[in-house]
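Notes for the one structure printed next.
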Amino acid sequence: MRILVVEDDAVLSQAMTRSLELAGHRVDLARSLDEANHWWRVQVFDAVLLDLNLPLSTHDGSGLGSGLTVLRAARARGDRTPVLILTARDRTEERIAGLDAGADDYLGKPFDLGEVEARLRALVRRASGTGDRVEIGELVLDRLAGRFFLSGQAWDLPAREFEVLCELMTPPGRVVSKRDLSRKLSDAEGPLGDNALEAFISRLRRKLAGTGATIRTLRGLGYVVEQDC
Amino acid sequence: MLTRRDQAGAKPSLRSRLARHVLLPLALTWGLGSIVALTVAEHFAAEAFDRALLDDAWAMAAHVREEGSRLTLHLTPQELNTMLFDQTESVYFAVFGPGGTLLAGQAGLAPARIPEGESYKFSEVPFEDKLLRSVSLRRDEPAEFVVVMAMTTVSRTQLLQRLVAYSASVQVLLLLALAWWLSRIIERDLHPLAELQHAVDRRDAGDLAPLPPSLTQGATTQDVQRLGNAVNSLLLRLQESLSAQRDFAGNVAHELRTPLAGIRARAGYALAQDDPALWRAELQGIAQAEERASRLVDQLLALARAAESNARLVLEPIALHELVREVVLRFVPRADALGVDLGGAGLDEPVEVRGDQALIEGILNNLLDNALRYGGTQTPHVTVALHREGGAAILSVNDNGPGLGSAEAQRLTQRWTQGPQGQKLGQGAGLGLAIVRRYAELLDAQFSLEGGAQGEGLCAKLRFRLSQADSTSD
């Protein structure tokens with residue numbers, strides 16, 4: 001999954017990034033409201049972890065603002081990305097304000113990283129309408145374990161291919177457009193090129209041959225994981 | 001509620017209103033003109049009478065002489081009678097010497113005050129219960145004296161009365177004649193209108209034949225001709241819509257009868273057999289026939305709805321690329337079942353247009369339905385493409401089927417027309433493209449059917465105007 005972490009505390013953000021990446025997610029870090037706004041606009045995320053007390057901009061002490069403004073702006077754009085608020089401000093009224101601003105869940109600091117991941121999984125389950133474990137043919141994605149299984153055996157994939165297949169399995173049978181895929185996989189150099197994307201897809205196809213799961217191309221519409229028949 | 005007669009009674013006829021509007025100002029003008037003319041005539045008549053009176057006063061003054069130190073009037077009674085003679089009026093005179101002593105004539109005729117620098121003055125004087133017109137003339141030779149001449153005004157009053165009587169009576173007669181003529185001529189001019197009204201009144205509700213030519217092309221005035229033509233074109237439109245409705249009803253009956261007959265035949269056949277496998281096959285056939293009938297009813301309803309929503313549609317910004325993608329994805333299972341390669345082009349690029357989601361979906365449903373039905377060849381493929389062209393978004397559904405001639409393409413967008421392909425396949429009712437055309441009209445989009453890009457197949461094209469935000473962001 002691609003996750004945006006909005007957190008200005010260096011120690012905490014580092015810990016969260018490391019733990020999420022270890023679980024197989026791709027993490028983008030925003031340390032101010034400006035950065036969060038920017039990332040949220042240019043990139044498609046599966047979930048956003050949002051701190052509330054944030055500097056307005058990354059440079060020098062330009063004052064503090066509330067993460068809720070970023071959230072409200074995104075919701076106003078029609079963005080439905082699941083949002084989990086992580087903050088030390090967890091009085092009841094503040095929770096209500098956060099949820100009303102469009103957040104999907106609320107977690108008070110200090111928190112356990114395991115709980116953050118569990119809640120993330122719950123958010124994604126809710127957003128995509130799938131369970132933690134999805135399968136097609138002999139291919140199984142276990143979100144709890146953060147890995148694929150093929151014919152009962154753990155199946156390790158290079159990071160990019162893992163991301164592509166993960167996207168296609170959330171939920172399985174969803175047609176994912178090339179544009180969405182390449183934006184999801186974008187890095188500092190911009191969206192993933194069509195050729196690179198097709199290369200990942202064809203590599204995955206080769207590896208999936210004979211497993212009962214296959215990646216089908218819908219001309220001009222995108223890719224979909226289907227049961228082989 | 002008012003009946004038509006009541007309403008007619010409460011309102012003036014066009015004829016009487018026109019007559020009133022012409023005659024009232026005419027009578028007023030005549031009245032004002034008469035008053036002015038009489039005033040002027042009276043003024044000049046009075047002036048003539050006054051001048052004669054002054055002449056008499058001068059003649060009288062010429063006979064005043066100085067004898068010794070006294071002034072006397074040198075006139076014999078004979079001469080005086082001649083001088084004062086008048087056929088109709090009584091004339092009186094008086095001559096006053098210096099100090100106001102009466103030299104001759106009636107003492108009761110008091111002289112008027114003559115302003116300094118002038119020698120005479122006209123005035124009205126009362127005398128023996130009568131009001132007389134008089135002139136006072138002052139002379140300084142041989143000594144200062146004043147002559148007063150006065151006369152009754154019987155003849156000048158008579159003259160004025162005669163003037164009024166002659167001019168007014170003749171003019172009133174003329175005015176009456178004019179009113180009579182005007183009302184006749186107005187009635188005659190308005191007659192074609194009454195005729196038109198009669199013609200429309202008498203019309204049977206079912207008779208939509210055009211009006212007689214005397215009321216339209218042969219009309220004597222432009223206005224009646226226009227009115228007649230307008231009524232005729234309304235009749236023509238009514239006739240067209242009526243015959244369209246008749247066709248429609250007839251076709252509905254016909255189209256529904258076909259699937260119903262199929263259902264009956266299959267049911268009858270199945271009932272005569274004992275084999276459950278055969279029952280199953282027949283039931284499947286019945287389900288298909290029912291599906292066709294339902295589809296037909298849906299399309300009819302859609303068309304009726306499109307006609308209804310004519311004026312009420314509010315267009316909203318729509319992310320066309322997302323909507324099109326959703327609809328196309330919905331058709332993927334059906335395309336798979338039919339072995340059609342269904343694909344998209346340009347659906348990743350955001351395009352925003354002003355439209356209505358339900359109508360755009362309806363259009364795409366119909367076009368994709370058609371393409372999947374009729375677009376088939378050995379390796380059928382259907383592509384839904386979206387691209388920008390100038391300030392417009394072009395949405396097209398292309399297939400590689402047998403395609404159409406342009407004349408046939410034109411005809412197919414009419415209701416109830418099916419290409420030979422459709423008749424051969426016996427599917428659909430020929431309503432789809434008519435619905436698409438109607439929806440496109442409602443969406444302010446242009447719809448056209450063209451040959452496919454590579455000279456094969458059919459390309460159904462819709463040209464949407466980009467929404468304001470989208471076209472300015474370019």
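The way I read the labels, and the way they are meant: chains A, B, ... in the order of the structure tokens, residue 1 as the first residue of every chain, and ligand 1 as the first ligand shown, with later ones counted on from there.
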Residues of range 60-197 of chain A in strand (DSSP E or B), written as a PyMOL selection string: chain A and resi 64-66+83-87+105-108+133-136+139-142+147-150+153-155+176+187+190
Selected residues written out, N, CA and C atoms, as a short mmCIF file (atom, residue, chain, number, x, y, z; two decimals), in the first residue's frame:
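Output (again.cif):
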data_model
loop_
_atom_site.label_atom_id
_atom_site.label_comp_id
_atom_site.auth_asym_id
_atom_site.auth_seq_id
_atom_site.Cartn_x
_atom_site.Cartn_y
_atom_site.Cartn_z
N LEU A 64 2.27 27.41 13.78
CA LEU A 64 1.62 26.10 13.77
C LEU A 64 0.24 26.19 13.13
N GLY A 65 -0.17 25.09 12.55
CA GLY A 65 -1.52 25.03 12.00
C GLY A 65 -2.12 23.68 12.31
N SER A 66 -3.36 23.48 11.91
CA SER A 66 -4.03 22.22 12.20
C SER A 66 -4.10 21.35 10.96
N VAL A 83 -8.42 8.18 6.11
CA VAL A 83 -7.51 9.00 6.91
C VAL A 83 -7.58 8.56 8.38
N LEU A 84 -6.41 8.32 8.96
CA LEU A 84 -6.31 7.97 10.37
C LEU A 84 -5.58 9.11 11.08
N ILE A 85 -6.24 9.75 12.03
CA ILE A 85 -5.62 10.87 12.73
C ILE A 85 -4.83 10.33 13.93
N LEU A 86 -3.57 10.76 14.02
CA LEU A 86 -2.71 10.37 15.15
C LEU A 86 -2.32 11.63 15.88
N THR A 87 -2.77 11.78 17.14
CA THR A 87 -2.44 13.05 17.80
C THR A 87 -2.48 12.92 19.31
N ASP A 105 -10.76 7.48 11.20
CA ASP A 105 -10.46 6.90 12.51
C ASP A 105 -9.55 7.86 13.27
N TYR A 106 -9.39 7.61 14.59
CA TYR A 106 -8.69 8.55 15.45
C TYR A 106 -7.90 7.73 16.46
N LEU A 107 -6.61 8.06 16.61
CA LEU A 107 -5.78 7.30 17.54
C LEU A 107 -4.96 8.29 18.36
N GLY A 108 -5.06 8.20 19.71
CA GLY A 108 -4.35 9.16 20.55
C GLY A 108 -2.91 8.73 20.82
N ARG A 133 -7.36 -11.28 3.95
CA ARG A 133 -6.79 -12.38 3.17
C ARG A 133 -7.64 -12.53 1.92
N VAL A 134 -7.03 -12.30 0.76
CA VAL A 134 -7.77 -12.48 -0.49
C VAL A 134 -7.04 -13.48 -1.36
N GLU A 135 -7.81 -14.26 -2.12
CA GLU A 135 -7.15 -15.23 -2.97
C GLU A 135 -7.82 -15.35 -4.32
N ILE A 136 -6.97 -15.68 -5.28
CA ILE A 136 -7.46 -15.97 -6.62
C ILE A 136 -6.66 -17.16 -7.10
N LEU A 139 -3.12 -18.04 -5.78
CA LEU A 139 -2.45 -16.83 -5.31
C LEU A 139 -3.21 -16.24 -4.12
N VAL A 140 -2.49 -16.01 -3.02
CA VAL A 140 -3.12 -15.48 -1.81
C VAL A 140 -2.36 -14.24 -1.35
N LEU A 141 -3.12 -13.17 -1.05
CA LEU A 141 -2.49 -12.01 -0.42
C LEU A 141 -2.93 -11.98 1.03
N ASP A 142 -1.95 -12.05 1.93
CA ASP A 142 -2.25 -12.00 3.36
C ASP A 142 -1.76 -10.66 3.90
N ARG A 147 2.41 -10.28 2.97
CA ARG A 147 3.10 -10.97 1.88
C ARG A 147 2.14 -11.85 1.09
N PHE A 148 2.66 -12.31 -0.08
CA PHE A 148 1.87 -13.19 -0.92
C PHE A 148 2.22 -14.64 -0.63
N PHE A 149 1.26 -15.50 -0.88
CA PHE A 149 1.50 -16.94 -0.81
C PHE A 149 1.08 -17.54 -2.13
N LEU A 150 1.89 -18.47 -2.63
CA LEU A 150 1.58 -19.13 -3.88
C LEU A 150 1.56 -20.63 -3.61
N GLN A 153 2.95 -21.67 -0.34
CA GLN A 153 4.32 -21.26 -0.02
C GLN A 153 4.42 -19.74 -0.02
N ALA A 154 5.18 -19.20 0.96
CA ALA A 154 5.43 -17.76 0.95
C ALA A 154 6.12 -17.39 -0.35
N TRP A 155 5.64 -16.30 -0.96
CA TRP A 155 6.15 -15.93 -2.29
C TRP A 155 6.68 -14.51 -2.21
N VAL A 176 -7.84 -1.78 -12.66
CA VAL A 176 -7.03 -0.63 -12.27
C VAL A 176 -6.46 0.00 -13.53
N ASP A 187 7.68 7.98 -8.15
CA ASP A 187 8.70 8.34 -7.16
C ASP A 187 9.14 9.76 -7.44
N GLY A 190 8.81 11.29 -10.83
CA GLY A 190 7.51 11.40 -11.50
C GLY A 190 6.86 10.04 -11.66
#
Within 10 Å of chain A: residues of chain B, using only C-alpha atoms, as a VMD selection string: chain B and resid 325 to 326 328 to 329 332 341 to 349 382 to 385
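Taking CA of Glu94 in chain A and CA of Val6 in chain A as endpoints, the distance between them is 17.9 Å.
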Spatial neighbours of Ala358 in chain B, 10 Å, only C-alpha atoms, chain gap at least 5 places, as a ChimeraX atom specification: /B:363-364,439
Please save C-alpha atoms of the selected residues as an mmCIF file, in the first residue's frame.
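The new file part_21.cif reads:
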data_model
loop_
_atom_site.group_PDB
_atom_site.id
_atom_site.type_symbol
_atom_site.label_atom_id
_atom_site.label_comp_id
_atom_site.auth_asym_id
_atom_site.auth_seq_id
_atom_site.Cartn_x
_atom_site.Cartn_y
_atom_site.Cartn_z
ATOM 1 C CA ILE B 363 -26.438 7.119 -24.385
ATOM 2 C CA LEU B 364 -23.437 4.888 -23.713
ATOM 3 C CA TYR B 439 -30.593 12.436 -25.122
#
Close residues, range 158-165 of chain B itself excluded, 7 Å, only C-alpha atoms, min 3 positions apart in chain, as a list in words: Leu38, Glu42, Val154, Ser155, Ala168 and Ser169 of chain B
Secondary structure check, alpha helix (DSSP H) residues of range 99-184 of chain A, as a count of residues only: 35
Who sits within 10 Å of Pro213 in chain B, only C-alpha atoms, same chain under 3 positions skipped, as a list in words: Pro210, Thr216, Gln217, Gly218, Ala219, Gln225, Gly228 and Asn229 of chain B
12 Å contact set for Ala73 in chain A, only C-alpha atoms, chain neighbours under 4 positions out, as a list in words: Leu33, Ala36, Asn37, His38, Trp40, Arg41, Ser66, Gly67, Leu68, Thr69, Arg77, Gly78, Asp79, Arg80, Ala101 and Gly102 of chain A
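Residue neighbourhood of Leu4 in chain A, excluding near-sequence residues (fewer than 5 positions): Arg26, Val27, Asp28, Leu29, Ala30, Ala36, Trp39, Trp40, Phe45, Asp46, Ala47, Val48, Leu49 and Leu50 of chain A, at 9 Å, using only C-alpha atoms.
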Let me see the file: selected residues, N, CA and C atoms, as a PDB file, in the first residue's frame.
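Final output, result-v4.pdb:
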ATOM      1  N   ARG A  26       4.685   1.337   0.947  1.00  0.00           N
ATOM      2  CA  ARG A  26       5.529   2.414   0.459  1.00  0.00           C
ATOM      3  C   ARG A  26       5.079   3.676   1.198  1.00  0.00           C
ATOM      4  N   VAL A  27       6.026   4.402   1.787  1.00  0.00           N
ATOM      5  CA  VAL A  27       5.658   5.514   2.660  1.00  0.00           C
ATOM      6  C   VAL A  27       6.199   6.832   2.122  1.00  0.00           C
ATOM      7  N   ASP A  28       5.360   7.842   2.082  1.00  0.00           N
ATOM      8  CA  ASP A  28       5.810   9.200   1.787  1.00  0.00           C
ATOM      9  C   ASP A  28       5.623  10.014   3.056  1.00  0.00           C
ATOM     10  N   LEU A  29       6.623  10.853   3.350  1.00  0.00           N
ATOM     11  CA  LEU A  29       6.600  11.586   4.606  1.00  0.00           C
ATOM     12  C   LEU A  29       6.422  13.079   4.354  1.00  0.00           C
ATOM     13  N   ALA A  30       5.453  13.670   5.056  1.00  0.00           N
ATOM     14  CA  ALA A  30       5.270  15.120   4.981  1.00  0.00           C
ATOM     15  C   ALA A  30       5.468  15.671   6.377  1.00  0.00           C
ATOM     16  N   ALA A  36       2.227  18.304   3.209  1.00  0.00           N
ATOM     17  CA  ALA A  36       1.097  17.378   3.205  1.00  0.00           C
ATOM     18  C   ALA A  36       0.133  17.720   2.072  1.00  0.00           C
ATOM     19  N   TRP A  39       1.751  16.720  -1.330  1.00  0.00           N
ATOM     20  CA  TRP A  39       1.760  15.282  -1.584  1.00  0.00           C
ATOM     21  C   TRP A  39       0.360  14.765  -1.893  1.00  0.00           C
ATOM     22  N   TRP A  40      -0.552  15.245  -1.081  1.00  0.00           N
ATOM     23  CA  TRP A  40      -1.919  14.727  -1.190  1.00  0.00           C
ATOM     24  C   TRP A  40      -2.529  15.057  -2.555  1.00  0.00           C
ATOM     25  N   PHE A  45      -2.958   7.922  -2.635  1.00  0.00           N
ATOM     26  CA  PHE A  45      -2.547   7.086  -1.508  1.00  0.00           C
ATOM     27  C   PHE A  45      -3.657   6.110  -1.152  1.00  0.00           C
ATOM     28  N   ASP A  46      -3.251   5.032  -0.495  1.00  0.00           N
ATOM     29  CA  ASP A  46      -4.253   4.096   0.003  1.00  0.00           C
ATOM     30  C   ASP A  46      -4.753   4.536   1.366  1.00  0.00           C
ATOM     31  N   ALA A  47      -3.878   5.256   2.095  1.00  0.00           N
ATOM     32  CA  ALA A  47      -4.294   5.748   3.401  1.00  0.00           C
ATOM     33  C   ALA A  47      -3.389   6.911   3.804  1.00  0.00           C
ATOM     34  N   VAL A  48      -3.910   7.767   4.698  1.00  0.00           N
ATOM     35  CA  VAL A  48      -3.127   8.896   5.193  1.00  0.00           C
ATOM     36  C   VAL A  48      -3.117   8.835   6.718  1.00  0.00           C
ATOM     37  N   LEU A  49      -1.908   8.920   7.302  1.00  0.00           N
ATOM     38  CA  LEU A  49      -1.783   9.031   8.757  1.00  0.00           C
ATOM     39  C   LEU A  49      -1.514  10.493   9.055  1.00  0.00           C
ATOM     40  N   LEU A  50      -2.408  11.126   9.799  1.00  0.00           N
ATOM     41  CA  LEU A  50      -2.356  12.580   9.911  1.00  0.00           C
ATOM     42  C   LEU A  50      -2.178  13.037  11.349  1.00  0.00           C
TER      43      LEU A  50
END
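Going from CA of Leu53 in chain B over to CA of Ala150 in chain B, you cover 7.5 Å.
We find CA of Leu56 in chain A and CA of Ala88 in chain A to be spaced 18.1 Å apart.
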